[in-house]
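The next block is run-v6.txt, given as compact mmCIF, C-alpha atoms and all ligand atoms.
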```
# COMPACT_ATOMS: atom_id res chain seq x y z
CA MET Y 1 14.57 -10.38 3.98
CA GLN Y 2 17.75 -9.89 6.03
CA LEU Y 3 20.35 -7.78 4.26
CA SER Y 4 24.02 -8.76 4.25
CA ARG Y 5 26.83 -6.22 4.48
CA ASP Y 6 27.28 -6.55 0.71
CA ASP Y 7 23.58 -5.89 0.19
CA LEU Y 8 23.80 -2.75 2.32
CA LYS Y 9 26.80 -1.54 0.37
CA ARG Y 10 24.98 -2.22 -2.89
CA ALA Y 11 21.96 -0.27 -1.67
CA TYR Y 12 24.09 2.71 -0.69
CA ARG Y 13 26.10 2.53 -3.90
CA LEU Y 14 22.93 2.62 -5.98
CA MET Y 15 21.40 5.51 -4.01
CA PHE Y 16 24.62 7.48 -4.09
CA THR Y 17 25.08 6.75 -7.80
CA ILE Y 18 21.67 8.26 -8.48
CA ARG Y 19 22.54 11.25 -6.27
CA ALA Y 20 25.89 11.91 -7.94
CA PHE Y 21 24.60 11.21 -11.45
CA GLU Y 22 21.68 13.59 -11.06
CA GLU Y 23 23.76 16.36 -9.48
CA ARG Y 24 26.07 16.08 -12.48
CA VAL Y 25 23.18 16.07 -14.96
CA ASP Y 26 21.92 19.25 -13.32
CA LYS Y 27 25.35 20.82 -13.78
CA GLU Y 28 26.01 19.60 -17.33
CA PHE Y 29 22.55 20.77 -18.39
CA ALA Y 30 23.35 24.27 -17.11
CA LEU Y 31 26.61 24.15 -19.08
CA GLY Y 32 24.68 23.40 -22.26
CA ASN Y 33 26.04 19.88 -22.65
CA ILE Y 34 22.66 18.15 -22.54
CA PRO Y 35 20.16 18.77 -25.34
CA GLY Y 36 16.41 18.71 -24.78
CA PHE Y 37 14.93 18.52 -21.33
CA ALA Y 38 16.03 16.93 -18.05
CA HIS Y 39 13.93 16.04 -15.00
CA VAL Y 40 16.11 14.92 -12.13
CA TYR Y 41 15.18 12.38 -9.46
CA LEU Y 42 17.12 14.01 -6.57
CA GLY Y 43 15.46 13.22 -3.25
CA GLN Y 44 13.65 10.10 -4.44
CA GLU Y 45 16.65 7.73 -4.45
CA ALA Y 46 15.45 5.44 -1.66
CA SER Y 47 12.17 4.86 -3.46
CA GLY Y 48 13.60 3.64 -6.76
CA VAL Y 49 16.35 1.60 -5.13
CA GLY Y 50 13.99 0.03 -2.57
CA VAL Y 51 11.55 -0.96 -5.32
CA CYS Y 52 14.15 -2.43 -7.69
CA PHE Y 53 16.48 -3.97 -5.11
CA ASP Y 54 15.13 -7.54 -5.30
CA LEU Y 55 14.18 -7.54 -8.98
CA SER Y 56 16.12 -9.64 -11.50
CA ASP Y 57 16.97 -8.67 -15.08
CA GLU Y 58 13.95 -10.74 -16.14
CA ASP Y 59 11.54 -8.67 -14.02
CA TRP Y 60 10.51 -5.65 -16.07
CA ILE Y 61 10.02 -2.05 -15.13
CA GLY Y 62 8.44 0.84 -16.97
CA SER Y 63 9.50 4.31 -15.92
CA THR Y 64 8.46 7.96 -16.19
CA HIS Y 65 9.89 11.19 -17.61
CA ARG Y 66 11.91 11.33 -14.35
CA GLY Y 67 13.55 8.02 -15.14
CA HIS Y 68 17.33 8.23 -14.58
CA GLY Y 69 17.03 6.97 -11.00
CA HIS Y 70 14.88 4.02 -12.05
CA CYS Y 71 17.42 3.10 -14.77
CA ILE Y 72 20.30 3.14 -12.30
CA ALA Y 73 18.33 1.23 -9.67
CA LYS Y 74 17.57 -1.44 -12.30
CA GLY Y 75 21.24 -1.81 -13.19
CA CYS Y 76 21.67 0.26 -16.36
CA ASP Y 77 25.23 1.30 -17.11
CA VAL Y 78 25.90 4.91 -16.11
CA LYS Y 79 28.34 5.53 -18.95
CA GLY Y 80 25.77 4.32 -21.48
CA MET Y 81 23.19 6.56 -19.78
CA MET Y 82 25.40 9.65 -19.80
CA LEU Y 83 26.19 9.09 -23.50
CA GLU Y 84 22.48 8.72 -24.15
CA ILE Y 85 21.50 11.86 -22.24
CA MET Y 86 24.11 13.88 -24.12
CA GLY Y 87 22.72 12.46 -27.39
CA LYS Y 88 25.93 10.67 -28.28
CA ALA Y 89 26.60 7.54 -30.35
CA GLY Y 90 27.34 4.67 -27.98
CA GLY Y 91 24.48 5.68 -25.68
CA LEU Y 92 22.12 2.99 -24.45
CA CYS Y 93 19.71 3.83 -27.27
CA GLY Y 94 22.31 5.00 -29.75
CA GLY Y 95 22.01 8.59 -28.56
CA LYS Y 96 18.61 8.93 -30.22
CA GLY Y 97 16.35 8.52 -27.18
CA GLY Y 98 17.76 11.04 -24.74
CA SER Y 99 16.80 11.56 -21.13
CA MET Y 100 13.12 10.64 -21.43
CA HIS Y 101 13.49 7.50 -23.55
CA ILE Y 102 16.26 5.45 -22.00
CA ALA Y 103 15.57 1.73 -22.36
CA ASP Y 104 17.75 -1.33 -21.85
CA MET Y 105 16.01 -4.63 -22.47
CA SER Y 106 19.01 -6.59 -21.19
CA LYS Y 107 18.34 -5.12 -17.75
CA GLY Y 108 14.56 -5.47 -17.89
CA MET Y 109 14.25 -1.70 -18.29
CA LEU Y 110 11.38 -1.27 -20.74
CA GLY Y 111 11.90 2.44 -21.00
CA ALA Y 112 11.47 5.85 -19.51
CA ASN Y 113 8.30 7.43 -20.81
CA ALA Y 114 7.58 11.02 -21.72
CA ILE Y 115 3.86 10.29 -21.72
CA VAL Y 116 2.53 10.88 -18.23
CA GLY Y 117 0.64 7.72 -17.26
CA GLY Y 118 2.31 5.82 -20.10
CA SER Y 119 3.96 3.03 -18.16
CA PRO Y 120 1.02 1.37 -16.38
CA PRO Y 121 -0.63 0.11 -19.62
CA ILE Y 122 2.74 -1.14 -20.89
CA ALA Y 123 3.40 -2.89 -17.57
CA VAL Y 124 0.04 -4.63 -17.72
CA GLY Y 125 0.94 -6.03 -21.14
CA ALA Y 126 4.37 -7.03 -19.86
CA ALA Y 127 2.81 -8.64 -16.78
CA LEU Y 128 0.42 -10.58 -19.01
CA THR Y 129 3.47 -11.90 -20.89
CA GLN Y 130 4.97 -13.00 -17.56
CA LYS Y 131 1.72 -14.71 -16.60
CA VAL Y 132 1.19 -16.50 -19.92
CA GLY Y 133 4.85 -17.54 -20.01
CA LYS Y 134 4.60 -18.78 -16.40
CA THR Y 135 7.92 -17.05 -15.71
CA GLY Y 136 7.26 -16.29 -12.05
CA LYS Y 137 8.49 -12.76 -12.79
CA VAL Y 138 6.70 -9.43 -12.48
CA ALA Y 139 6.31 -6.12 -14.30
CA VAL Y 140 6.52 -2.87 -12.34
CA ALA Y 141 5.09 0.46 -13.45
CA PHE Y 142 6.40 3.67 -11.94
CA SER Y 143 4.09 6.69 -12.04
CA GLY Y 144 3.92 10.05 -10.31
CA ASP Y 145 1.08 11.58 -8.29
CA GLY Y 146 0.10 13.63 -11.35
CA ALA Y 147 0.00 10.48 -13.47
CA SER Y 148 -2.26 8.83 -10.91
CA ASN Y 149 -5.06 11.09 -12.22
CA GLN Y 150 -4.74 9.85 -15.80
CA GLY Y 151 -7.39 7.71 -17.50
CA THR Y 152 -4.70 5.41 -18.89
CA VAL Y 153 -3.78 4.52 -15.32
CA PHE Y 154 -7.37 3.75 -14.35
CA GLU Y 155 -7.75 1.42 -17.33
CA ALA Y 156 -4.47 -0.29 -16.53
CA LEU Y 157 -5.42 -0.81 -12.88
CA ASN Y 158 -8.78 -2.27 -13.87
CA MET Y 159 -7.33 -4.56 -16.50
CA ALA Y 160 -4.60 -5.80 -14.17
CA VAL Y 161 -7.26 -6.82 -11.68
CA VAL Y 162 -9.51 -8.37 -14.32
CA LEU Y 163 -6.63 -10.38 -15.82
CA GLN Y 164 -4.99 -11.06 -12.41
CA VAL Y 165 -1.54 -10.32 -13.78
CA PRO Y 166 1.68 -9.96 -11.74
CA ALA Y 167 1.85 -6.16 -12.14
CA ILE Y 168 3.09 -3.88 -9.38
CA PHE Y 169 2.10 -0.23 -9.63
CA VAL Y 170 4.38 2.18 -7.80
CA PHE Y 171 3.03 5.71 -7.40
CA GLU Y 172 5.85 8.00 -6.35
CA ASN Y 173 4.02 10.84 -4.68
CA ASN Y 174 6.57 13.66 -4.48
CA GLY Y 175 3.86 16.20 -3.73
CA TYR Y 176 3.73 17.83 -7.17
CA GLY Y 177 2.68 17.24 -10.75
CA GLU Y 178 4.75 19.94 -12.48
CA HIS Y 179 3.81 22.98 -10.34
CA THR Y 180 0.49 21.71 -8.99
CA ALA Y 181 0.36 20.21 -5.52
CA SER Y 182 -0.99 16.67 -5.28
CA SER Y 183 -2.96 17.79 -2.19
CA TYR Y 184 -4.96 19.92 -4.62
CA ALA Y 185 -5.03 17.73 -7.72
CA VAL Y 186 -5.64 14.24 -6.30
CA GLY Y 187 -9.36 14.20 -5.54
CA ALA Y 188 -9.44 11.08 -3.34
CA PRO Y 189 -8.18 11.22 0.28
CA SER Y 190 -4.98 9.63 -1.00
CA ILE Y 191 -3.65 7.86 -4.08
CA ALA Y 192 -3.76 4.60 -2.13
CA ASP Y 193 -7.44 5.06 -1.30
CA ARG Y 194 -8.33 5.48 -4.93
CA VAL Y 195 -6.11 2.65 -6.16
CA GLN Y 196 -7.61 0.21 -3.66
CA SER Y 197 -11.06 0.92 -5.02
CA PHE Y 198 -10.01 -0.90 -8.20
CA GLY Y 199 -9.76 -4.12 -6.20
CA LEU Y 200 -6.05 -4.48 -5.46
CA PRO Y 201 -4.05 -3.85 -2.28
CA CYS Y 202 -2.17 -0.54 -2.08
CA GLU Y 203 0.22 0.25 0.75
CA VAL Y 204 1.40 3.72 1.71
CA VAL Y 205 5.14 3.68 2.34
CA ASP Y 206 7.72 6.23 3.45
CA GLY Y 207 9.63 6.69 0.20
CA MET Y 208 12.51 8.37 2.01
CA ASP Y 209 13.30 5.15 3.87
CA PHE Y 210 15.08 2.50 1.77
CA PHE Y 211 14.29 -0.25 4.29
CA ALA Y 212 10.57 0.56 4.44
CA VAL Y 213 10.27 0.64 0.66
CA ARG Y 214 12.15 -2.62 0.21
CA GLU Y 215 10.00 -4.38 2.80
CA ALA Y 216 6.76 -3.14 1.25
CA MET Y 217 8.07 -4.20 -2.16
CA GLY Y 218 8.84 -7.62 -0.67
CA ARG Y 219 5.14 -7.99 0.21
CA ALA Y 220 4.18 -6.81 -3.29
CA LEU Y 221 6.53 -9.34 -4.89
CA GLU Y 222 5.30 -12.18 -2.71
CA HIS Y 223 1.71 -11.33 -3.63
CA ALA Y 224 2.32 -10.96 -7.38
CA ARG Y 225 4.68 -13.92 -7.75
CA SER Y 226 2.35 -16.27 -5.93
CA GLY Y 227 -0.37 -15.69 -8.52
CA ARG Y 228 -2.59 -13.42 -6.41
CA GLY Y 229 -2.65 -10.65 -8.99
CA PRO Y 230 -1.55 -7.02 -8.95
CA TYR Y 231 -0.37 -4.93 -6.01
CA ALA Y 232 0.38 -1.24 -5.57
CA LEU Y 233 2.47 1.10 -3.44
CA GLU Y 234 2.09 4.81 -2.83
CA SER Y 235 5.65 5.84 -2.07
CA ARG Y 236 5.68 9.28 -0.43
CA CYS Y 237 8.87 11.11 -1.26
CA LYS Y 238 10.35 14.59 -1.50
CA ARG Y 239 11.44 16.26 -4.71
CA PHE Y 240 14.54 18.31 -3.89
CA LEU Y 241 14.60 20.38 -7.08
CA GLY Y 242 12.02 21.67 -9.50
CA HIS Y 243 9.90 19.85 -12.03
CA PHE Y 244 12.58 20.26 -14.71
CA VAL Y 245 16.17 21.42 -14.50
CA GLY Y 246 15.95 25.19 -14.33
CA ASP Y 247 12.52 25.42 -12.69
CA PRO Y 248 12.87 28.25 -10.10
CA GLN Y 249 10.13 26.71 -7.89
CA ALA Y 250 8.36 29.96 -7.00
CA TYR Y 251 5.48 27.82 -5.76
CA ARG Y 252 7.48 26.32 -2.86
CA THR Y 253 8.54 28.13 0.31
CA PRO Y 254 12.15 28.05 1.55
CA GLU Y 255 10.84 26.27 4.67
CA GLU Y 256 9.31 23.50 2.58
CA LEU Y 257 12.51 23.03 0.62
CA ALA Y 258 14.54 22.88 3.85
CA GLU Y 259 12.10 20.31 5.22
CA ALA Y 260 12.58 18.17 2.11
CA ARG Y 261 16.37 18.27 2.49
CA ALA Y 262 16.07 17.43 6.19
CA ALA Y 263 14.30 14.20 5.22
CA ASP Y 264 17.22 13.17 2.97
CA ALA Y 265 17.29 9.38 2.63
CA LEU Y 266 21.07 9.11 2.24
CA PRO Y 267 22.26 10.50 5.61
CA ARG Y 268 19.34 8.63 7.16
CA PHE Y 269 20.62 5.38 5.68
CA ARG Y 270 24.21 6.18 6.69
CA PHE Y 271 23.15 6.96 10.25
CA GLY Y 272 21.08 3.77 10.51
CA VAL Y 273 23.73 1.35 9.31
CA THR Y 274 26.64 2.97 11.16
CA GLU Y 275 24.72 3.26 14.46
CA ALA Y 276 23.79 -0.41 14.16
CA GLY Y 277 27.46 -1.26 13.56
CA LEU Y 278 26.70 -2.84 10.17
CA LEU Y 279 28.98 -0.64 8.05
CA SER Y 280 31.61 1.94 8.97
CA GLN Y 281 31.81 5.58 7.88
CA ASP Y 282 35.03 4.69 6.05
CA GLU Y 283 33.34 1.95 4.05
CA LEU Y 284 30.56 4.31 3.03
CA ASP Y 285 33.05 7.04 2.14
CA ALA Y 286 34.90 4.54 -0.05
CA VAL Y 287 31.66 3.73 -1.86
CA GLU Y 288 31.11 7.45 -2.50
CA ALA Y 289 34.65 7.97 -3.81
CA ALA Y 290 34.35 5.05 -6.24
CA VAL Y 291 31.01 6.31 -7.52
CA LEU Y 292 32.27 9.87 -8.03
CA ALA Y 293 35.19 8.54 -10.07
CA GLU Y 294 32.80 6.43 -12.15
CA ILE Y 295 30.55 9.42 -12.87
CA GLU Y 296 33.50 11.65 -13.76
CA ASP Y 297 34.71 9.03 -16.20
CA ALA Y 298 31.22 8.70 -17.71
CA VAL Y 299 30.98 12.47 -18.22
CA GLN Y 300 34.41 12.76 -19.82
CA VAL Y 301 33.72 9.83 -22.16
CA ALA Y 302 30.32 11.27 -23.09
CA LEU Y 303 31.66 14.78 -23.70
CA ALA Y 304 34.34 13.43 -26.02
CA ALA Y 305 32.07 11.01 -27.92
CA PRO Y 306 30.71 11.74 -31.40
CA PHE Y 307 27.04 12.37 -32.16
CA PRO Y 308 25.25 9.70 -34.22
CA ASP Y 309 25.71 10.13 -37.96
CA PRO Y 310 22.31 11.35 -39.25
CA GLY Y 311 22.88 9.91 -42.72
CA ARG Y 312 23.66 6.45 -41.39
CA ASP Y 313 21.92 6.23 -38.01
CA LEU Y 314 18.71 8.22 -38.20
CA THR Y 315 16.47 5.47 -39.51
CA ARG Y 316 18.30 2.52 -37.95
CA ASP Y 317 17.17 0.69 -34.78
CA VAL Y 318 13.90 2.61 -34.61
CA TYR Y 319 11.43 -0.27 -34.30
CA LEU Y 320 13.89 -3.11 -34.25
CA LYS Y 321 17.44 -3.60 -33.04
CA TYR Y 322 19.72 -4.55 -35.92
CA ALA Y 323 22.89 -6.49 -35.21
C1 LIG N 401 -0.15 12.71 -21.29
C2 LIG N 401 0.72 13.86 -20.85
N1 LIG N 401 0.16 14.96 -20.31
C3 LIG N 401 0.92 16.00 -19.88
C4 LIG N 401 2.29 15.95 -20.02
C5 LIG N 401 3.16 17.12 -19.52
N2 LIG N 401 3.80 16.72 -18.26
C6 LIG N 401 5.06 16.26 -18.24
S1 LIG N 401 5.53 15.85 -16.68
C7 LIG N 401 4.06 16.32 -16.04
C8 LIG N 401 3.79 16.22 -14.55
C9 LIG N 401 3.87 14.83 -14.05
O1 LIG N 401 3.74 14.82 -12.65
P1 LIG N 401 3.88 13.50 -11.84
O2 LIG N 401 3.16 12.39 -12.51
O3 LIG N 401 3.46 13.81 -10.43
O4 LIG N 401 5.41 13.15 -11.90
P2 LIG N 401 6.63 13.94 -11.27
O5 LIG N 401 7.01 14.99 -12.28
O6 LIG N 401 6.21 14.50 -9.98
O7 LIG N 401 7.72 12.91 -11.13
C10 LIG N 401 3.21 16.77 -17.03
C11 LIG N 401 1.82 17.25 -16.78
C12 LIG N 401 2.86 14.80 -20.60
N3 LIG N 401 4.17 14.67 -20.77
N4 LIG N 401 2.06 13.75 -20.97
```

structure tokens encoding of this file:
Amino acid sequence: MQLSRDDLKRAYRLMFTIRAFEERVDKEFALGNIPGFAHVYLGQEASGVGVCFDLSDEDWIGSTHRGHGHCIAKGCDVKGMMLEIMGKAGGLCGGKGGSMHIADMSKGMLGANAIVGGSPPIAVGAALTQKVGKTGKVAVAFSGDGASNQGTVFEALNMAVVLQVPAIFVFENNGYGEHTASSYAVGAPSIADRVQSFGLPCEVVDGMDFFAVREAMGRALEHARSGRGPYALESRCKRFLGHFVGDPQAYRTPEELAEARAADALPRFRFGVTEAGLLSQDELDAVEAAVLAEIEDAVQVALAAPFPDPGRDLTRDVYLKYA
């Protein structure tokens, strides 16, 4: 479980890539360069990166409508993502999926999902494939606190236990489902309490702490890979911005928003690794500079790229990828 210096750099690079990517998506959306809707993951970086850090391309994840961070954590190419979000040809899904439908099978990314509670059933099917194929790999389903109230999720949890599949359910509790607080809408004392009643372990983890999430995920992976069935995490995180880009958040006080920012996982990570003498400020600054250049390049390429040709591309690659 010990992390090397390269591992620590990779973790910071991934978290900072999500941060910079999402800040840019927020900006480009405001400029009118992104069609449709965008839900950014700002604040939740440590959760997605901690969960995906030890997964291989053959371990699968299913995501949510807030999926850019999960894609990046799972290794999707940021240029391909930016092209996709701007609806351009050359995007990871040919520019036809957009923000809420990014998938990349080569990275084990089964897809973002606009249907709240959509990923757990898919992950159970994927986990059954892993079990039947004796791959030793897992399938992970990300869901929000709002999604944790969905019937689809209850059925998926039950079936995962019945079939004893290597599924890992990650409930990212950022305190809100759209504009409704999870403290109001989740009827059980916690998501973890309810999930455990289905007959699988569920740990509560500080989703603002990369190290805590990765360690909890390590226990989940050990459990699922050793044939002991499904496992779950309730990752408690902070959503820095609104439900969607442009949400004025009238339902949150300035104090609450300041508290969320004060819990920021990135400075926390920086402080931890520099205080421990594992990485220097300069090394971390260099990571940030490289990422910012990569994002700038992705944006410029995406802005200049053509849209898909409706006559030629509209009906292609819909159910099947053609060569
Ligand atoms: C089945 C379904 N119901 C409702 C919606 C509308 N909707 C989109 S996001 C959202 C809230 C989801 O909240 P949560 O699961 O907590 O995720 P978060 O936005 O906090 O990441 C809702 C109700 C939807 N997309 N799908």

Note to self: Which residue is closest to Phe244 in chain Y? Choose from Y:Gly94, Y:Pro267, Y:Gly272, Y:Gly36 and count all atoms listed in the file.
What the structure shows: Y:Gly36

Residues within 7 Å of ligand LIG 401 (chain N) (all atoms listed in the file), as an mmCIF file with C-alpha atoms, keeping the file's coordinate frame?
```cif
data_model
loop_
_atom_site.group_PDB
_atom_site.id
_atom_site.type_symbol
_atom_site.label_atom_id
_atom_site.label_comp_id
_atom_site.auth_asym_id
_atom_site.auth_seq_id
_atom_site.Cartn_x
_atom_site.Cartn_y
_atom_site.Cartn_z
ATOM 1 C CA HIS Y 65 9.890 11.190 -17.610
ATOM 2 C CA ARG Y 66 11.910 11.330 -14.350
ATOM 3 C CA ALA Y 114 7.580 11.020 -21.720
ATOM 4 C CA ILE Y 115 3.860 10.290 -21.720
ATOM 5 C CA VAL Y 116 2.530 10.880 -18.230
ATOM 6 C CA GLY Y 117 0.640 7.720 -17.260
ATOM 7 C CA SER Y 143 4.090 6.690 -12.040
ATOM 8 C CA GLY Y 144 3.920 10.050 -10.310
ATOM 9 C CA ASP Y 145 1.080 11.580 -8.290
ATOM 10 C CA GLY Y 146 0.100 13.630 -11.350
ATOM 11 C CA ALA Y 147 0.000 10.480 -13.470
ATOM 12 C CA SER Y 148 -2.260 8.830 -10.910
ATOM 13 C CA ASN Y 173 4.020 10.840 -4.680
ATOM 14 C CA ASN Y 174 6.570 13.660 -4.480
ATOM 15 C CA GLY Y 175 3.860 16.200 -3.730
ATOM 16 C CA TYR Y 176 3.730 17.830 -7.170
ATOM 17 C CA GLY Y 177 2.680 17.240 -10.750
ATOM 18 C CA GLU Y 178 4.750 19.940 -12.480
ATOM 19 C CA HIS Y 243 9.900 19.850 -12.030
#
```

Next item on the list: For a cut-off of 10 Å around (17.4, 12.3, -4.9), file coordinates, pick out all residues using all atoms listed in the file and list them as a list in words.
Entry: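 Residues with an atom close enough to that point: Met15, Phe16, Thr17, Ile18, Arg19, Ala20, Phe21, Glu22, Glu23, Val40, Tyr41, Leu42, Gly43, Gln44, Glu45, Ala46, Ser47, Gly48, Gly69, Met208, Cys237, Lys238, Arg239, Phe240, Leu241, Arg261, Asp264, Ala265 and Leu266 of chain Y.
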
Near Met82 in chain Y, within 8 Å and counting only C-alpha atoms, which residues show up once chain neighbours fewer than 2 positions away are dropped, as an mmCIF file with C-alpha atoms, in the coordinates of the input?
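Here's the written file around_35.cif:
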```cif
data_model
loop_
_atom_site.group_PDB
_atom_site.id
_atom_site.type_symbol
_atom_site.label_atom_id
_atom_site.label_comp_id
_atom_site.auth_asym_id
_atom_site.auth_seq_id
_atom_site.Cartn_x
_atom_site.Cartn_y
_atom_site.Cartn_z
ATOM 1 C CA VAL Y 78 25.900 4.910 -16.110
ATOM 2 C CA LYS Y 79 28.340 5.530 -18.950
ATOM 3 C CA GLY Y 80 25.770 4.320 -21.480
ATOM 4 C CA GLU Y 84 22.480 8.720 -24.150
ATOM 5 C CA ILE Y 85 21.500 11.860 -22.240
ATOM 6 C CA MET Y 86 24.110 13.880 -24.120
ATOM 7 C CA GLY Y 91 24.480 5.680 -25.680
ATOM 8 C CA ALA Y 298 31.220 8.700 -17.710
ATOM 9 C CA VAL Y 299 30.980 12.470 -18.220
ATOM 10 C CA ALA Y 302 30.320 11.270 -23.090
#
```

Notebook entry, point to check: Taking into account only C-alpha atoms, which residue in the set Y:Ser63, Y:Thr274, Y:Ser197, Y:Ser99 is nearest to Pro35 in chain Y?
Noted result: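 Among the listed residues, the smallest separation from Pro35 in chain Y belongs to Y:Ser99.
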
Check: CA of Leu233 in chain Y to CA of Phe171 in chain Y: how many Å, to one decimal?
Finding: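 About the pair CA of Leu233 in chain Y and CA of Phe171 in chain Y: they are 6.1 Å apart.
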
Note to self: List as a VMD selection string the protein and nucleic acid residues near range 222-225 of chain Y, meaning an atom at most 10 Å away when only C-alpha atoms are counted, but skip any in the same chain fewer than 6 places from it.
What the structure shows: chain Y and resid 127 130 to 131 134 to 139 164 to 168 201 216 231
